[in-house]
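All remarks here apply to the structure that follows.
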Amino acid sequence: FYDEYATKCVANGHTVDLNAIDSAPGAVSVEDIVRLSNTLGTEPWLTLPANAHDTYMAELARFLKANLRPDIANVYVELGNELWHTGFAAGAYARDEALRAGQSTECWIVQRTRQMAQVMRAEFGSTTTFELRVVVSSQATSIAKTEAYVACGFGDDIDSLGLAPYFNGYRSDMDSVDAVIAAMAADIAPIVALVAQHRAALPAAFSLVAYEAGP
């Protein structure tokens, strides 16, 4: 959930009222997100506003602990959506905060994500039935981006790297469906090779997860 949760609208990052409908167009409340996950029995992936403060994170953790159905195994949380992408407001916010702190953007993202993980896990305690999976997303076409994250140090707080490994292969001069399918199949191989390089750059215990993919 990110458009629903308005993570690209960083001005919403300081609300703690989880009962309120988010002010971003088309956004829905956290209650509705949890209701949908409970109804479908699926594991939610929530991208928090990039400038969410600790109180916001703690309130969200308490709400998830109290309301998410107990047979859901994992809850994925990520600070922002593609914070490496400065074309998004949240990415620009991360870049600017890193400059103010005298850090690289990657290390600011890792540090703040680790703080998010610590705050939320402290609220969950040992009685929570689901596992909190903490994600940092990287650029699928940039192994250097993932290596920069790793160099900043994940500690025991972050356990997953998110990628969006798109492929294409389509050209406007193709004259048949078979030609399009064949070209896309050929384009998948280098993308799979890129994903394998990301995997190799990560600690062995890390999970590699896709949040978007396709042609």
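Just so we're on the same page: first chain in the structure tokens is A, next is B, and so on; residues restart at 1 for each chain, and ligands are numbered from 1 in the order they show up.
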Please provide as a PyMOL selection string all residues within 12 Å of Leu83 (chain A), with the sequence filter that same-chain residues fewer than 6 positions apart are discarded (counting only C-alpha atoms).
chain A and resi 7-8+10+47-51+89-98+105-110+112-113+135-139+145+149+162
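Picture a line from CA of Asp54 (chain A) to CA of Thr86 (chain A); it runs 23.2 Å.
You will find CA of Leu60 (chain A) at 27.1 Å from CA of Arg100 (chain A).
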Find the residues near region 163-167 of chain A: any atom within 7 Å, counting only C-alpha atoms, skip ones fewer than 6 places away on the same chain, and give them as a VMD selection string.
chain A and resid 137 to 140 184 187 to 188 191 209 to 215
Residue set, region 21-69 of chain A restricted to strand (DSSP E), as a VMD selection string:
chain A and resid 45 to 48
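Near Ala117 (chain A), within 9 Å and counting only C-alpha atoms, sit A:Met57, A:Val77, A:Leu132, A:Arg133, A:Val134, A:Asp157, A:Ile158; same-chain residues fewer than 6 positions away were not included.
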When DSSP is applied to the backbone of this structure, which of region 56-165 of chain A are assigned helix (DSSP H, G or I)? Write them out as a ChimeraX atom specification.
/A:56-67,89-101,105-124,143-152
